[in-house]
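Asker: Questions regarding the structure given below will be posed in turn.
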Amino acid sequence: MPFSINLKSREAIAAYLFLAPFLIFFAIFFVRATISSVGMSFYDWRLLRPSVPYVGFDNYADLLDDPIWWTSVVHTIYFAVVTVIGTTTVGLLAAIAVTRPIRGQSFFRVLLYIPQLMSVGAMGLVWTWLLSTQFGVINYFLSFVGIRPINWLGDPNLVIPALSMATIWWTFGFPMLIFVAGLQGIPEHLYEAARIDGANARQIFFRITLPLLRPTILFITVTGIISHFQVFGQPYIITGGGGPGRSSWTVIIYLYQQAWVAFRMGYGAAVAVAIAVIMALITAVQFLVISRRVEY
């Protein structure tokens, strides 16, 4: 009897064949690296040292007792939350603006998305100049309303908000495009029915648009937290390494300092594992909070 495969099986085989290159890449460069990092975290692995002694959970114990680590965690969560709220809000407002039937709609979408195309190095140099106390453009315009020059990057209380402001300007283009797709997926007849019933613009936005955008908001906030929790380039470039002092140290800067400055690779691996666990917990909380009220 000739060998035959039904249509569903053929489609599944074709799908896995298309996924195979990514799965191979994922297994080699992510799964294997993750397993190696977890294993390395149980050793006092240091560069330029011939022996690699097993220390068990000592690296994790040292991490939990390090106040600089916990300060870096607080800075990172503060930055990620402020930045995600900002990019989500600005992205939604921009998406609403560019989905209106206006002339040059495509041009404005491209214009608003352009900052997203900049490298972190270019963005960092631009905002270092904009936030400068002596000749920064932001302080220049604030002087017109009688506000004295603000030391954005030298004040420990302002440096994280300043970095968030720069990152919001840089990255809101991606949430904007996702929101545009979400807004275009809302049936027009729902808006027409609401207008017939006498609903105003505010009621339509909070009773129709926002509830139907919850899956989109969930996607943007989850991916945003994952992305911004790994922030490194902005504080390192704009503040010159995480200053003033350690006021803008994030968990990735802490990881960099331990693994690539102090050459404590085993301890750095423990830091990486801890970062992954924190990100997984935050993502799980987001799903529990937002997905319960998602409208499909």
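We label chains A, B, ... in the order they appear in the structure tokens, count residues from 1 in each chain, and number ligands from 1 in the order shown.
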Which of region 185-246 of chain A counts as alpha helix (DSSP H) under DSSP, as number ranges by chain please?
Answerer: A: 188-196, 201-204, 210-212, 214-228, 233-238
Asker: Would you save the residues from that selection as a PDB file, in the first residue's frame, using C-alpha atoms?
Answerer:
```pdb
ATOM      1  CA  GLU A 188     -16.722  50.722  12.092  1.00  0.00           C
ATOM      2  CA  HIS A 189     -20.352  49.772  12.723  1.00  0.00           C
ATOM      3  CA  LEU A 190     -19.694  49.843  16.484  1.00  0.00           C
ATOM      4  CA  TYR A 191     -18.767  53.518  16.260  1.00  0.00           C
ATOM      5  CA  GLU A 192     -21.773  54.244  14.045  1.00  0.00           C
ATOM      6  CA  ALA A 193     -24.138  52.554  16.498  1.00  0.00           C
ATOM      7  CA  ALA A 194     -22.639  54.502  19.407  1.00  0.00           C
ATOM      8  CA  ARG A 195     -23.035  57.830  17.590  1.00  0.00           C
ATOM      9  CA  ILE A 196     -26.659  57.005  16.771  1.00  0.00           C
ATOM     10  CA  ALA A 201     -16.111  61.166  21.636  1.00  0.00           C
ATOM     11  CA  ARG A 202     -15.016  60.570  25.229  1.00  0.00           C
ATOM     12  CA  GLN A 203     -17.593  57.845  25.794  1.00  0.00           C
ATOM     13  CA  ILE A 204     -16.718  56.167  22.493  1.00  0.00           C
ATOM     14  CA  LEU A 210      -9.962  51.080  24.859  1.00  0.00           C
ATOM     15  CA  PRO A 211     -11.769  47.803  25.721  1.00  0.00           C
ATOM     16  CA  LEU A 212     -11.235  46.458  22.205  1.00  0.00           C
ATOM     17  CA  ARG A 214      -6.772  45.539  25.454  1.00  0.00           C
ATOM     18  CA  PRO A 215      -5.105  42.651  23.554  1.00  0.00           C
ATOM     19  CA  THR A 216      -2.962  45.236  21.759  1.00  0.00           C
ATOM     20  CA  ILE A 217      -2.130  47.006  25.035  1.00  0.00           C
ATOM     21  CA  LEU A 218      -1.193  43.651  26.589  1.00  0.00           C
ATOM     22  CA  PHE A 219       1.199  42.901  23.731  1.00  0.00           C
ATOM     23  CA  ILE A 220       2.787  46.363  23.826  1.00  0.00           C
ATOM     24  CA  THR A 221       3.244  46.460  27.602  1.00  0.00           C
ATOM     25  CA  VAL A 222       4.650  42.924  27.835  1.00  0.00           C
ATOM     26  CA  THR A 223       7.137  43.414  24.997  1.00  0.00           C
ATOM     27  CA  GLY A 224       7.924  46.918  26.273  1.00  0.00           C
ATOM     28  CA  ILE A 225       8.759  45.739  29.792  1.00  0.00           C
ATOM     29  CA  ILE A 226      10.951  42.941  28.407  1.00  0.00           C
ATOM     30  CA  SER A 227      12.746  45.384  26.117  1.00  0.00           C
ATOM     31  CA  HIS A 228      13.204  48.284  28.529  1.00  0.00           C
ATOM     32  CA  GLY A 233      22.868  51.865  25.878  1.00  0.00           C
ATOM     33  CA  GLN A 234      20.891  54.933  26.950  1.00  0.00           C
ATOM     34  CA  PRO A 235      22.258  55.304  30.501  1.00  0.00           C
ATOM     35  CA  TYR A 236      25.727  54.146  29.507  1.00  0.00           C
ATOM     36  CA  ILE A 237      26.066  56.593  26.604  1.00  0.00           C
ATOM     37  CA  ILE A 238      24.043  59.582  27.801  1.00  0.00           C
TER      38      ILE A 238
END
```
Asker: Hey, what's within 7 Å of Tyr267 (chain A) if we count only C-alpha atoms and toss same-chain stuff fewer than 2 positions away? As a ChimeraX atom specification, please?
Answerer: /A:41,44,59,264-265,269-271
Asker: Would you work out the distance separating CA of Ala12 (chain A) from CA of Ala181 (chain A), expressed in Å to one decimal?
Answerer: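 Computed distance, CA of Ala12 (chain A) to CA of Ala181 (chain A), equals 28.1 Å.
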Asker: Quick one: residues within 7 Å of Tyr254 (chain A), only C-alpha atoms counted, chain neighbours fewer than 5 positions away excluded, as a VMD selection string?
Answerer: chain A and resid 69 72 249
Asker: Find the distance between CA of Ile168 (chain A) and CA of Thr87 (chain A) and write it in Å to one decimal.
Answerer: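 Computing it gives 5.2 Å between the two atoms.
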Asker: Using only C-alpha atoms for the distances, tell me which of A:Arg109, A:Arg46, A:Arg207, A:His75 is nearest to Ser248 (chain A).
Answerer: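 That would be A:His75, the residue with the smallest distance to Ser248 (chain A).
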Asker: Which residue out of A:Thr239, A:Pro50, A:Thr89, A:Thr171 has the minimum interatomic distance to Trp127 (chain A) when only C-alpha atoms are used?
Answerer: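 Looking only at the distances to Trp127 (chain A), the closest residue turns out to be A:Thr239.
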Asker: Using only C-alpha atoms, determine which residues lie at most 12 Å from Gly39 (chain A), disregarding the query and same-chain residues fewer than 2 positions distant; provide the list as a list in words.
Answerer: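 My list of contacting residues is Arg32, Ala33, Thr34, Ile35, Ser36, Ser37, Ser41, Phe42, Tyr43, Asp44, Trp45, Tyr54, Val55, Gly56, Phe57, Asn59, Met265, Gly266, Tyr267, Gly268, Ala269, Ala270, Ala272 and Val273 of chain A.
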Asker: What is the CA of Val81 (chain A) to CA of Leu177 (chain A) distance in Å?
Answerer: 20.5 Å
Asker: Go through A:Thr99, A:Thr88, A:Asn200, A:Ser132 one by one, measure the shortest atom-to-atom distance of each to Gly185 (chain A) using only C-alpha atoms, and give the residue with the smallest value.
Answerer: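 Under the stated criterion, the closest residue is A:Thr99.
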